[in-house]
$ cat my_file30.csv   # CSV, N, CA and C atoms
chain,number,residue,atom,x,y,z
Q,1,MET,N,-31.8,38.9,11.2
Q,1,MET,CA,-31.6,37.5,11.1
Q,1,MET,C,-31.5,37.1,9.7
Q,2,PRO,N,-30.5,36.4,9.3
Q,2,PRO,CA,-30.3,36.0,7.9
Q,2,PRO,C,-31.3,35.0,7.3
Q,3,ILE,N,-32.1,34.4,8.2
Q,3,ILE,CA,-33.1,33.4,7.7
Q,3,ILE,C,-34.4,33.7,8.4
Q,4,ALA,N,-35.5,33.9,7.7
Q,4,ALA,CA,-36.8,34.1,8.2
Q,4,ALA,C,-37.8,33.2,7.6
Q,5,VAL,N,-38.7,32.6,8.4
Q,5,VAL,CA,-39.7,31.7,7.9
Q,5,VAL,C,-41.1,32.4,7.9
Q,6,LYS,N,-41.8,32.3,6.8
Q,6,LYS,CA,-43.1,32.9,6.7
Q,6,LYS,C,-44.1,31.8,6.2
Q,7,HIS,N,-45.2,31.7,6.8
Q,7,HIS,CA,-46.3,30.7,6.4
Q,7,HIS,C,-47.0,31.4,5.2
Q,8,GLU,N,-46.9,30.8,4.0
Q,8,GLU,CA,-47.6,31.3,2.8
Q,8,GLU,C,-49.0,30.8,2.5
Q,9,GLY,N,-49.3,29.7,3.2
Q,9,GLY,CA,-50.6,29.1,3.0
Q,9,GLY,C,-50.6,27.6,3.1
Q,10,THR,N,-51.7,27.0,3.6
Q,10,THR,CA,-51.8,25.6,3.8
Q,10,THR,C,-50.5,25.1,4.4
Q,11,ASN,N,-49.7,24.3,3.6
Q,11,ASN,CA,-48.5,23.7,4.1
Q,11,ASN,C,-47.3,24.3,3.4
Q,12,VAL,N,-47.4,25.5,2.9
Q,12,VAL,CA,-46.3,26.1,2.1
Q,12,VAL,C,-45.6,27.2,3.0
Q,13,PHE,N,-44.3,27.1,3.1
Q,13,PHE,CA,-43.5,28.0,3.9
Q,13,PHE,C,-42.4,28.7,3.0
Q,14,ARG,N,-42.3,30.0,3.1
Q,14,ARG,CA,-41.2,30.7,2.4
Q,14,ARG,C,-40.1,31.0,3.4
Q,15,LEU,N,-38.9,30.7,3.0
Q,15,LEU,CA,-37.7,30.9,3.9
Q,15,LEU,C,-36.8,31.9,3.2
Q,16,ASP,N,-36.8,33.2,3.7
Q,16,ASP,CA,-35.9,34.2,3.1
Q,16,ASP,C,-34.6,34.1,3.7
Q,17,VAL,N,-33.6,34.0,2.9
Q,17,VAL,CA,-32.2,33.8,3.4
Q,17,VAL,C,-31.3,34.9,2.8
Q,18,ARG,N,-30.7,35.7,3.7
Q,18,ARG,CA,-29.8,36.8,3.4
Q,18,ARG,C,-28.5,36.7,4.0
Q,19,GLY,N,-27.5,37.2,3.3
Q,19,GLY,CA,-26.2,37.3,3.9
Q,19,GLY,C,-25.5,36.0,4.0
Q,20,MET,N,-24.6,35.9,5.0
Q,20,MET,CA,-23.9,34.7,5.3
Q,20,MET,C,-24.7,33.8,6.3
Q,21,LEU,N,-25.1,32.6,6.0
Q,21,LEU,CA,-25.9,31.8,6.8
Q,21,LEU,C,-25.0,31.1,7.8
Q,22,GLN,N,-25.4,31.2,9.1
Q,22,GLN,CA,-24.7,30.5,10.2
Q,22,GLN,C,-25.5,29.3,10.5
Q,23,HIS,N,-24.8,28.2,10.9
Q,23,HIS,CA,-25.4,27.0,11.2
Q,23,HIS,C,-26.4,27.1,12.4
Q,24,SER,N,-26.1,27.9,13.4
Q,24,SER,CA,-27.0,28.1,14.5
Q,24,SER,C,-28.3,28.7,14.1
Q,25,GLU,N,-28.3,29.6,13.1
Q,25,GLU,CA,-29.5,30.2,12.6
Q,25,GLU,C,-30.3,29.2,11.8
Q,26,PHE,N,-29.6,28.4,11.1
Q,26,PHE,CA,-30.3,27.3,10.3
Q,26,PHE,C,-30.9,26.3,11.2
Q,27,GLN,N,-30.3,26.0,12.3
Q,27,GLN,CA,-30.9,25.1,13.3
Q,27,GLN,C,-32.2,25.6,13.9
Q,28,GLN,N,-32.2,26.9,14.2
Q,28,GLN,CA,-33.4,27.6,14.7
Q,28,GLN,C,-34.5,27.5,13.7
Q,29,CYS,N,-34.2,27.7,12.4
Q,29,CYS,CA,-35.2,27.5,11.3
Q,29,CYS,C,-35.7,26.1,11.3
Q,30,GLN,N,-34.8,25.1,11.4
Q,30,GLN,CA,-35.2,23.7,11.4
Q,30,GLN,C,-36.2,23.4,12.5
Q,31,ALA,N,-35.9,23.9,13.7
Q,31,ALA,CA,-36.8,23.7,14.9
Q,31,ALA,C,-38.2,24.3,14.6
Q,32,GLU,N,-38.2,25.5,14.0
Q,32,GLU,CA,-39.5,26.0,13.7
Q,32,GLU,C,-40.3,25.2,12.7
Q,33,LEU,N,-39.5,24.6,11.7
Q,33,LEU,CA,-40.2,23.8,10.7
Q,33,LEU,C,-40.7,22.5,11.3
Q,34,VAL,N,-39.9,21.9,12.3
Q,34,VAL,CA,-40.3,20.7,13.0
Q,34,VAL,C,-41.7,20.9,13.7
Q,35,ASN,N,-41.8,22.1,14.3
Q,35,ASN,CA,-43.1,22.4,15.0
Q,35,ASN,C,-44.2,22.5,14.0
Q,36,GLU,N,-44.0,23.1,12.8
Q,36,GLU,CA,-45.0,23.1,11.8
Q,36,GLU,C,-45.3,21.8,11.2
Q,37,MET,N,-44.3,20.9,11.0
Q,37,MET,CA,-44.6,19.6,10.5
Q,37,MET,C,-45.4,18.7,11.5
Q,38,GLN,N,-45.1,18.9,12.8
Q,38,GLN,CA,-45.9,18.3,13.8
Q,38,GLN,C,-47.4,18.7,13.8
Q,39,ARG,N,-47.6,20.0,13.4
Q,39,ARG,CA,-48.9,20.5,13.4
Q,39,ARG,C,-49.6,20.2,12.1
Q,40,LEU,N,-48.9,20.2,10.9
Q,40,LEU,CA,-49.5,20.1,9.6
Q,40,LEU,C,-49.3,18.8,8.9
Q,41,GLY,N,-48.3,18.0,9.3
Q,41,GLY,CA,-47.8,16.9,8.6
Q,41,GLY,C,-46.8,17.3,7.6
Q,42,THR,N,-47.0,17.0,6.3
Q,42,THR,CA,-45.9,17.4,5.3
Q,42,THR,C,-46.0,18.9,5.0
Q,43,VAL,N,-44.8,19.4,4.6
Q,43,VAL,CA,-44.7,20.8,4.2
Q,43,VAL,C,-44.0,20.9,2.8
Q,44,ARG,N,-44.1,22.1,2.3
Q,44,ARG,CA,-43.5,22.5,1.0
Q,44,ARG,C,-42.7,23.7,1.3
Q,45,LEU,N,-41.5,23.8,0.8
Q,45,LEU,CA,-40.6,24.9,1.2
Q,45,LEU,C,-40.2,25.7,0.0
Q,46,LEU,N,-40.2,27.0,0.1
Q,46,LEU,CA,-39.7,27.9,-0.9
Q,46,LEU,C,-38.6,28.8,-0.3
Q,47,PHE,N,-37.3,28.5,-0.7
Q,47,PHE,CA,-36.2,29.2,-0.2
Q,47,PHE,C,-35.9,30.4,-1.2
Q,48,VAL,N,-35.8,31.6,-0.7
Q,48,VAL,CA,-35.5,32.7,-1.5
Q,48,VAL,C,-34.2,33.3,-1.0
Q,49,LEU,N,-33.2,33.2,-1.9
Q,49,LEU,CA,-31.8,33.6,-1.6
Q,49,LEU,C,-31.7,35.1,-2.1
Q,50,ASP,N,-31.6,36.0,-1.2
Q,50,ASP,CA,-31.6,37.4,-1.6
Q,50,ASP,C,-30.3,38.0,-1.0
Q,51,ASP,N,-29.4,38.5,-1.8
Q,51,ASP,CA,-28.1,39.0,-1.3
Q,51,ASP,C,-27.4,37.9,-0.5
Q,52,PHE,N,-27.6,36.7,-0.9
Q,52,PHE,CA,-27.0,35.5,-0.2
Q,52,PHE,C,-25.5,35.5,-0.4
Q,53,GLN,N,-24.8,35.2,0.6
Q,53,GLN,CA,-23.3,35.2,0.6
Q,53,GLN,C,-22.7,33.8,0.9
Q,54,GLY,N,-23.6,32.9,1.1
Q,54,GLY,CA,-23.1,31.5,1.3
Q,54,GLY,C,-23.3,31.0,2.7
Q,55,TRP,N,-22.7,29.9,3.0
Q,55,TRP,CA,-22.7,29.2,4.3
Q,55,TRP,C,-21.5,29.5,5.1
Q,56,ALA,N,-21.6,29.9,6.3
Q,56,ALA,CA,-20.4,30.2,7.2
Q,56,ALA,C,-19.4,29.1,7.1
Q,57,PRO,N,-18.2,29.3,6.6
Q,57,PRO,CA,-17.3,28.2,6.4
Q,57,PRO,C,-16.8,27.5,7.7
Q,58,GLN,N,-16.8,28.3,8.8
Q,58,GLN,CA,-16.3,27.7,10.1
Q,58,GLN,C,-17.3,26.8,10.7
Q,59,ASP,N,-18.5,26.8,10.3
Q,59,ASP,CA,-19.6,26.0,10.9
Q,59,ASP,C,-19.5,24.5,10.4
Q,60,ASN,N,-20.1,23.6,11.2
Q,60,ASN,CA,-20.2,22.2,10.8
Q,60,ASN,C,-21.5,22.0,10.1
Q,61,TRP,N,-21.4,21.8,8.8
Q,61,TRP,CA,-22.6,21.6,8.0
Q,61,TRP,C,-22.8,20.1,7.7
Q,62,ASN,N,-22.1,19.2,8.3
Q,62,ASN,CA,-22.2,17.8,8.1
Q,62,ASN,C,-23.3,17.1,8.8
Q,63,ASP,N,-24.0,17.8,9.7
Q,63,ASP,CA,-25.1,17.1,10.5
Q,63,ASP,C,-26.3,16.9,9.6
Q,64,LEU,N,-26.6,15.6,9.4
Q,64,LEU,CA,-27.7,15.2,8.5
Q,64,LEU,C,-28.9,14.7,9.3
Q,65,SER,N,-28.9,15.0,10.7
Q,65,SER,CA,-30.0,14.4,11.5
Q,65,SER,C,-31.4,15.0,11.1
Q,66,PHE,N,-31.5,16.3,10.7
Q,66,PHE,CA,-32.7,16.8,10.3
Q,66,PHE,C,-33.2,16.1,9.1
Q,67,TYR,N,-32.4,16.0,8.1
Q,67,TYR,CA,-32.7,15.3,6.9
Q,67,TYR,C,-33.2,13.8,7.1
Q,68,ILE,N,-32.4,13.1,8.0
Q,68,ILE,CA,-32.8,11.7,8.3
Q,68,ILE,C,-34.1,11.7,9.0
Q,69,ASP,N,-34.3,12.5,10.0
Q,69,ASP,CA,-35.5,12.5,10.8
Q,69,ASP,C,-36.8,13.1,10.2
Q,70,HIS,N,-36.6,14.1,9.3
Q,70,HIS,CA,-37.7,14.8,8.8
Q,70,HIS,C,-37.8,15.0,7.3
Q,71,GLY,N,-36.8,14.4,6.6
Q,71,GLY,CA,-36.7,14.6,5.1
Q,71,GLY,C,-38.0,14.1,4.4
Q,72,ASP,N,-38.6,13.0,4.8
Q,72,ASP,CA,-39.8,12.6,4.1
Q,72,ASP,C,-41.0,13.4,4.4
Q,73,ALA,N,-41.0,14.3,5.3
Q,73,ALA,CA,-42.1,15.2,5.6
Q,73,ALA,C,-42.0,16.5,4.8
Q,74,ILE,N,-41.0,16.6,3.9
Q,74,ILE,CA,-40.9,17.7,3.0
Q,74,ILE,C,-41.2,17.2,1.6
Q,75,GLU,N,-42.4,17.7,1.1
Q,75,GLU,CA,-42.9,17.3,-0.2
Q,75,GLU,C,-42.1,17.9,-1.4
Q,76,ARG,N,-41.8,19.1,-1.2
Q,76,ARG,CA,-41.1,19.8,-2.3
Q,76,ARG,C,-40.2,20.9,-1.8
Q,77,ILE,N,-39.2,21.2,-2.5
Q,77,ILE,CA,-38.3,22.4,-2.1
Q,77,ILE,C,-38.0,23.1,-3.4
Q,78,GLY,N,-38.4,24.4,-3.4
Q,78,GLY,CA,-38.1,25.3,-4.5
Q,78,GLY,C,-37.0,26.3,-4.0
Q,79,ILE,N,-36.0,26.5,-4.7
Q,79,ILE,CA,-34.9,27.4,-4.3
Q,79,ILE,C,-34.8,28.5,-5.4
Q,80,VAL,N,-34.9,29.8,-5.0
Q,80,VAL,CA,-34.8,30.9,-5.9
Q,80,VAL,C,-33.6,31.7,-5.5
Q,81,GLY,N,-32.7,32.0,-6.5
Q,81,GLY,CA,-31.5,32.7,-6.3
Q,81,GLY,C,-30.7,33.0,-7.5
Q,82,GLU,N,-29.5,33.6,-7.3
Q,82,GLU,CA,-28.7,33.9,-8.5
Q,82,GLU,C,-28.1,32.5,-9.0
Q,83,GLU,N,-27.9,32.5,-10.3
Q,83,GLU,CA,-27.4,31.3,-11.0
Q,83,GLU,C,-26.2,30.8,-10.4
Q,84,ARG,N,-25.3,31.6,-9.8
Q,84,ARG,CA,-24.0,31.2,-9.3
Q,84,ARG,C,-24.2,30.2,-8.1
Q,85,TRP,N,-25.4,30.3,-7.4
Q,85,TRP,CA,-25.6,29.4,-6.3
Q,85,TRP,C,-26.3,28.1,-6.6
Q,86,ARG,N,-26.7,27.9,-7.9
Q,86,ARG,CA,-27.5,26.7,-8.2
Q,86,ARG,C,-26.9,25.4,-7.8
Q,87,ASP,N,-25.7,25.1,-8.2
Q,87,ASP,CA,-25.1,23.8,-7.9
Q,87,ASP,C,-24.9,23.6,-6.4
Q,88,HIS,N,-24.4,24.6,-5.7
Q,88,HIS,CA,-24.2,24.6,-4.2
Q,88,HIS,C,-25.5,24.4,-3.5
Q,89,ALA,N,-26.5,25.1,-3.9
Q,89,ALA,CA,-27.8,25.1,-3.2
Q,89,ALA,C,-28.5,23.7,-3.4
Q,90,LEU,N,-28.4,23.2,-4.6
Q,90,LEU,CA,-29.0,21.8,-4.8
Q,90,LEU,C,-28.2,20.8,-4.1
Q,91,MET,N,-26.9,20.9,-4.0
Q,91,MET,CA,-26.1,19.9,-3.2
Q,91,MET,C,-26.5,20.1,-1.7
Q,92,PHE,N,-26.6,21.3,-1.2
Q,92,PHE,CA,-26.9,21.5,0.2
Q,92,PHE,C,-28.3,21.0,0.5
Q,93,ALA,N,-29.2,21.1,-0.4
Q,93,ALA,CA,-30.6,20.6,-0.2
Q,93,ALA,C,-30.7,19.0,-0.4
Q,94,ALA,N,-29.6,18.4,-0.7
Q,94,ALA,CA,-29.5,17.0,-1.0
Q,94,ALA,C,-30.6,16.6,-2.0
Q,95,ALA,N,-30.6,17.4,-3.1
Q,95,ALA,CA,-31.6,17.2,-4.2
Q,95,ALA,C,-31.7,15.8,-4.7
Q,96,ASP,N,-30.6,15.2,-4.9
Q,96,ASP,CA,-30.5,13.9,-5.5
Q,96,ASP,C,-30.9,12.7,-4.6
Q,97,LEU,N,-31.0,13.0,-3.3
Q,97,LEU,CA,-31.2,12.0,-2.3
Q,97,LEU,C,-32.7,12.1,-1.7
Q,98,ARG,N,-33.3,13.2,-2.0
Q,98,ARG,CA,-34.7,13.4,-1.4
Q,98,ARG,C,-35.8,12.6,-2.1
Q,99,LYS,N,-36.8,12.2,-1.3
Q,99,LYS,CA,-38.0,11.7,-1.9
Q,99,LYS,C,-38.8,12.7,-2.6
Q,100,GLY,N,-38.9,13.9,-2.0
Q,100,GLY,CA,-39.6,15.0,-2.6
Q,100,GLY,C,-38.7,15.7,-3.6
Q,101,ALA,N,-39.4,16.4,-4.6
Q,101,ALA,CA,-38.7,17.1,-5.7
Q,101,ALA,C,-38.0,18.4,-5.2
Q,102,VAL,N,-36.9,18.7,-5.8
Q,102,VAL,CA,-36.2,19.9,-5.5
Q,102,VAL,C,-35.9,20.6,-6.8
Q,103,HIS,N,-36.2,21.9,-6.9
Q,103,HIS,CA,-35.9,22.6,-8.2
Q,103,HIS,C,-35.4,23.9,-7.9
Q,104,TYR,N,-34.4,24.4,-8.7
Q,104,TYR,CA,-33.8,25.7,-8.6
Q,104,TYR,C,-34.3,26.6,-9.6
Q,105,PHE,N,-34.6,27.9,-9.2
Q,105,PHE,CA,-35.2,28.9,-10.1
Q,105,PHE,C,-34.3,30.1,-10.0
Q,106,VAL,N,-34.1,30.8,-11.2
Q,106,VAL,CA,-33.4,32.1,-11.1
Q,106,VAL,C,-34.3,33.1,-10.5
Q,107,ARG,N,-33.7,34.2,-10.0
Q,107,ARG,CA,-34.4,35.2,-9.2
Q,107,ARG,C,-35.7,35.7,-10.0
Q,108,SER,N,-35.5,35.9,-11.3
Q,108,SER,CA,-36.7,36.5,-12.0
Q,108,SER,C,-37.8,35.5,-12.1
Q,109,ALA,N,-37.7,34.3,-11.8
Q,109,ALA,CA,-38.7,33.3,-11.9
Q,109,ALA,C,-39.4,33.0,-10.5
Q,110,LEU,N,-39.3,34.0,-9.6
Q,110,LEU,CA,-40.0,33.8,-8.3
Q,110,LEU,C,-41.5,33.4,-8.4
Q,111,PRO,N,-42.3,34.1,-9.3
Q,111,PRO,CA,-43.7,33.7,-9.4
Q,111,PRO,C,-43.8,32.2,-9.8
Q,112,GLU,N,-43.0,31.8,-10.8
Q,112,GLU,CA,-43.1,30.4,-11.2
Q,112,GLU,C,-42.7,29.4,-10.1
Q,113,ALA,N,-41.7,29.8,-9.4
Q,113,ALA,CA,-41.2,29.0,-8.2
Q,113,ALA,C,-42.3,28.8,-7.2
Q,114,ARG,N,-42.9,29.9,-6.9
Q,114,ARG,CA,-44.0,29.9,-5.9
Q,114,ARG,C,-45.2,29.0,-6.4
Q,115,ALA,N,-45.5,29.1,-7.6
Q,115,ALA,CA,-46.6,28.3,-8.2
Q,115,ALA,C,-46.2,26.8,-8.2
Q,116,TRP,N,-44.9,26.5,-8.5
Q,116,TRP,CA,-44.4,25.1,-8.6
Q,116,TRP,C,-44.5,24.5,-7.2
Q,117,VAL,N,-44.0,25.2,-6.2
Q,117,VAL,CA,-44.0,24.7,-4.8
Q,117,VAL,C,-45.4,24.4,-4.3
Q,118,ALA,N,-46.4,25.3,-4.7
Q,118,ALA,CA,-47.7,25.2,-4.2
Q,118,ALA,C,-48.6,24.2,-5.0
Q,119,GLU,N,-48.2,23.8,-6.2
Q,119,GLU,CA,-49.1,22.9,-7.0
Q,119,GLU,C,-49.2,21.5,-6.5

$ encode --input "my_file30.csv" --output "structure tokens"
Amino acid sequence: MPIAVKHEGTNVFRLDVRGMLQHSEFQQCQAELVNEMQRLGTVRLLFVLDDFQGWAPQDNWNDLSFYIDHGDAIERIGIVGEERWRDHALMFAAADLRKGAVHYFVRSALPEARAWVAE
């Protein structure tokens, strides 16, 4: 599975994303996060893009219902990956529209990203 969710502690979740991300897989991840938000309240997310190849182009990525319904329950989003994905990932995460902070880190800064998400 190209996306896996791991509980890292308290309300912090790490999402490992590999290969070409399909919308159906992303929706499964969102459903899992909704369950965690119902249990914990707000969450903090650390996306780690490893051998990431992008978002499946044939899928419909225009659905904003998760963001509208649950966006305020996400306190922070840290994204770790190759520099070439920075702009696309920040746009995909709606970084400029979110109440919570979103920050992109290069792959070598994973420890700093983890600390920033958890602080």

$ closest_atom_pairs --input "my_file30.csv" --of "segment 52-90 of chain Q" --to "segment 8-20 of chain Q" --cutoff "8 Å" --atoms "only N, CA and C atoms" --output "Markdown table"
| residue | atom | partner | partner_atom | distance |
| --- | --- | --- | --- | --- |
| Q:Phe52 | CA | Q:Gly19 | N | 3.9 |
| Q:Gln53 | N | Q:Gly19 | C | 3.6 |
| Q:Gly54 | C | Q:Met20 | CA | 4.6 |
| Q:Trp55 | CA | Q:Met20 | C | 5.4 |
| Q:Ala56 | N | Q:Met20 | C | 5.0 |
| Q:Pro57 | N | Q:Met20 | C | 7.9 |

$ closest_residue --input "my_file30.csv" --among "Q:Gly41, Q:Asn60, Q:His88, Q:Ala115" --to "Ile74 of chain Q" --atoms "only N, CA and C atoms"
Q:Gly41

$ atom_distance --input "my_file30.csv" --atom1 "atom N of Leu46 of chain Q" --atom2 "atom C of Ile77 of chain Q"
5.7 Å

$ closest_residue --input "my_file30.csv" --among "Q:Val5, Q:Phe26, Q:Val106, Q:Lys99" --to "Arg76 of chain Q" --atoms "all atoms listed in the file"
Q:Lys99

$ closest_residue --input "my_file30.csv" --among "Q:Glu119, Q:Asp63, Q:Ala73, Q:Asp87" --to "Gln27 of chain Q" --atoms "only C-alpha atoms"
Q:Asp63

$ closest_residue --input "my_file30.csv" --among "Q:Glu25, Q:Leu49, Q:Val34, Q:Gly78" --to "Arg114 of chain Q" --atoms "all atoms listed in the file"
Q:Gly78

$ atom_distance --input "my_file30.csv" --atom1 "atom C of His23 of chain Q" --atom2 "atom N of Phe66 of chain Q"
12.1 Å

$ closest_residue --input "my_file30.csv" --among "Q:Val80, Q:Val43, Q:Leu21, Q:Ala95" --to "Ser108 of chain Q" --atoms "all atoms listed in the file"
Q:Val80

$ atom_distance --input "my_file30.csv" --atom1 "atom C of Arg107 of chain Q" --atom2 "atom C of Lys6 of chain Q"
18.7 Å

$ closest_residue --input "my_file30.csv" --among "Q:Arg39, Q:Asp51, Q:Ala31, Q:Ala89" --to "Asp69 of chain Q" --atoms "only C-alpha atoms"
Q:Ala31

$ select_by_dssp --input "my_file30.csv" --residues "chain Q" --states "strand (DSSP E or B)" --output "PyMOL selection string"
chain Q and resi 3-9+12-21+43-55+74-81+101-106

$ write_last_selection --input "my_file30.csv" --atoms "N, CA and C atoms" --output "CSV table (one decimal), in the coordinates of the input"
chain,number,residue,atom,x,y,z
Q,3,ILE,N,-32.1,34.4,8.2
Q,3,ILE,CA,-33.1,33.4,7.7
Q,3,ILE,C,-34.4,33.7,8.4
Q,4,ALA,N,-35.5,33.9,7.7
Q,4,ALA,CA,-36.8,34.1,8.2
Q,4,ALA,C,-37.8,33.2,7.6
Q,5,VAL,N,-38.7,32.6,8.4
Q,5,VAL,CA,-39.7,31.7,7.9
Q,5,VAL,C,-41.1,32.4,7.9
Q,6,LYS,N,-41.8,32.3,6.8
Q,6,LYS,CA,-43.1,32.9,6.7
Q,6,LYS,C,-44.1,31.8,6.2
Q,7,HIS,N,-45.2,31.7,6.8
Q,7,HIS,CA,-46.3,30.7,6.4
Q,7,HIS,C,-47.0,31.4,5.2
Q,8,GLU,N,-46.9,30.8,4.0
Q,8,GLU,CA,-47.6,31.3,2.8
Q,8,GLU,C,-49.0,30.8,2.5
Q,9,GLY,N,-49.3,29.7,3.2
Q,9,GLY,CA,-50.6,29.1,3.0
Q,9,GLY,C,-50.6,27.6,3.1
Q,12,VAL,N,-47.4,25.5,2.9
Q,12,VAL,CA,-46.3,26.1,2.1
Q,12,VAL,C,-45.6,27.2,3.0
Q,13,PHE,N,-44.3,27.1,3.1
Q,13,PHE,CA,-43.5,28.0,3.9
Q,13,PHE,C,-42.4,28.7,3.0
Q,14,ARG,N,-42.3,30.0,3.1
Q,14,ARG,CA,-41.2,30.7,2.4
Q,14,ARG,C,-40.1,31.0,3.4
Q,15,LEU,N,-38.9,30.7,3.0
Q,15,LEU,CA,-37.7,30.9,3.9
Q,15,LEU,C,-36.8,31.9,3.2
Q,16,ASP,N,-36.8,33.2,3.7
Q,16,ASP,CA,-35.9,34.2,3.1
Q,16,ASP,C,-34.6,34.1,3.7
Q,17,VAL,N,-33.6,34.0,2.9
Q,17,VAL,CA,-32.2,33.8,3.4
Q,17,VAL,C,-31.3,34.9,2.8
Q,18,ARG,N,-30.7,35.7,3.7
Q,18,ARG,CA,-29.8,36.8,3.4
Q,18,ARG,C,-28.5,36.7,4.0
Q,19,GLY,N,-27.5,37.2,3.3
Q,19,GLY,CA,-26.2,37.3,3.9
Q,19,GLY,C,-25.5,36.0,4.0
Q,20,MET,N,-24.6,35.9,5.0
Q,20,MET,CA,-23.9,34.7,5.3
Q,20,MET,C,-24.7,33.8,6.3
Q,21,LEU,N,-25.1,32.6,6.0
Q,21,LEU,CA,-25.9,31.8,6.8
Q,21,LEU,C,-25.0,31.1,7.8
Q,43,VAL,N,-44.8,19.4,4.6
Q,43,VAL,CA,-44.7,20.8,4.2
Q,43,VAL,C,-44.0,20.9,2.8
Q,44,ARG,N,-44.1,22.1,2.3
Q,44,ARG,CA,-43.5,22.5,1.0
Q,44,ARG,C,-42.7,23.7,1.3
Q,45,LEU,N,-41.5,23.8,0.8
Q,45,LEU,CA,-40.6,24.9,1.2
Q,45,LEU,C,-40.2,25.7,0.0
Q,46,LEU,N,-40.2,27.0,0.1
Q,46,LEU,CA,-39.7,27.9,-0.9
Q,46,LEU,C,-38.6,28.8,-0.3
Q,47,PHE,N,-37.3,28.5,-0.7
Q,47,PHE,CA,-36.2,29.2,-0.2
Q,47,PHE,C,-35.9,30.4,-1.2
Q,48,VAL,N,-35.8,31.6,-0.7
Q,48,VAL,CA,-35.5,32.7,-1.5
Q,48,VAL,C,-34.2,33.3,-1.0
Q,49,LEU,N,-33.2,33.2,-1.9
Q,49,LEU,CA,-31.8,33.6,-1.6
Q,49,LEU,C,-31.7,35.1,-2.1
Q,50,ASP,N,-31.6,36.0,-1.2
Q,50,ASP,CA,-31.6,37.4,-1.6
Q,50,ASP,C,-30.3,38.0,-1.0
Q,51,ASP,N,-29.4,38.5,-1.8
Q,51,ASP,CA,-28.1,39.0,-1.3
Q,51,ASP,C,-27.4,37.9,-0.5
Q,52,PHE,N,-27.6,36.7,-0.9
Q,52,PHE,CA,-27.0,35.5,-0.2
Q,52,PHE,C,-25.5,35.5,-0.4
Q,53,GLN,N,-24.8,35.2,0.6
Q,53,GLN,CA,-23.3,35.2,0.6
Q,53,GLN,C,-22.7,33.8,0.9
Q,54,GLY,N,-23.6,32.9,1.1
Q,54,GLY,CA,-23.1,31.5,1.3
Q,54,GLY,C,-23.3,31.0,2.7
Q,55,TRP,N,-22.7,29.9,3.0
Q,55,TRP,CA,-22.7,29.2,4.3
Q,55,TRP,C,-21.5,29.5,5.1
Q,74,ILE,N,-41.0,16.6,3.9
Q,74,ILE,CA,-40.9,17.7,3.0
Q,74,ILE,C,-41.2,17.2,1.6
Q,75,GLU,N,-42.4,17.7,1.1
Q,75,GLU,CA,-42.9,17.3,-0.2
Q,75,GLU,C,-42.1,17.9,-1.4
Q,76,ARG,N,-41.8,19.1,-1.2
Q,76,ARG,CA,-41.1,19.8,-2.3
Q,76,ARG,C,-40.2,20.9,-1.8
Q,77,ILE,N,-39.2,21.2,-2.5
Q,77,ILE,CA,-38.3,22.4,-2.1
Q,77,ILE,C,-38.0,23.1,-3.4
Q,78,GLY,N,-38.4,24.4,-3.4
Q,78,GLY,CA,-38.1,25.3,-4.5
Q,78,GLY,C,-37.0,26.3,-4.0
Q,79,ILE,N,-36.0,26.5,-4.7
Q,79,ILE,CA,-34.9,27.4,-4.3
Q,79,ILE,C,-34.8,28.5,-5.4
Q,80,VAL,N,-34.9,29.8,-5.0
Q,80,VAL,CA,-34.8,30.9,-5.9
Q,80,VAL,C,-33.6,31.7,-5.5
Q,81,GLY,N,-32.7,32.0,-6.5
Q,81,GLY,CA,-31.5,32.7,-6.3
Q,81,GLY,C,-30.7,33.0,-7.5
Q,101,ALA,N,-39.4,16.4,-4.6
Q,101,ALA,CA,-38.7,17.1,-5.7
Q,101,ALA,C,-38.0,18.4,-5.2
Q,102,VAL,N,-36.9,18.7,-5.8
Q,102,VAL,CA,-36.2,19.9,-5.5
Q,102,VAL,C,-35.9,20.6,-6.8
Q,103,HIS,N,-36.2,21.9,-6.9
Q,103,HIS,CA,-35.9,22.6,-8.2
Q,103,HIS,C,-35.4,23.9,-7.9
Q,104,TYR,N,-34.4,24.4,-8.7
Q,104,TYR,CA,-33.8,25.7,-8.6
Q,104,TYR,C,-34.3,26.6,-9.6
Q,105,PHE,N,-34.6,27.9,-9.2
Q,105,PHE,CA,-35.2,28.9,-10.1
Q,105,PHE,C,-34.3,30.1,-10.0
Q,106,VAL,N,-34.1,30.8,-11.2
Q,106,VAL,CA,-33.4,32.1,-11.1
Q,106,VAL,C,-34.3,33.1,-10.5

$ select_by_dssp --input "my_file30.csv" --residues "segment 6-47 of chain Q" --states "helix (DSSP H, G or I)" --output "list in words"
His23, Ser24, Glu25, Phe26, Gln27, Gln28, Cys29, Gln30, Ala31, Glu32, Leu33, Val34, Asn35, Glu36, Met37, Gln38, Arg39 and Leu40 of chain Q
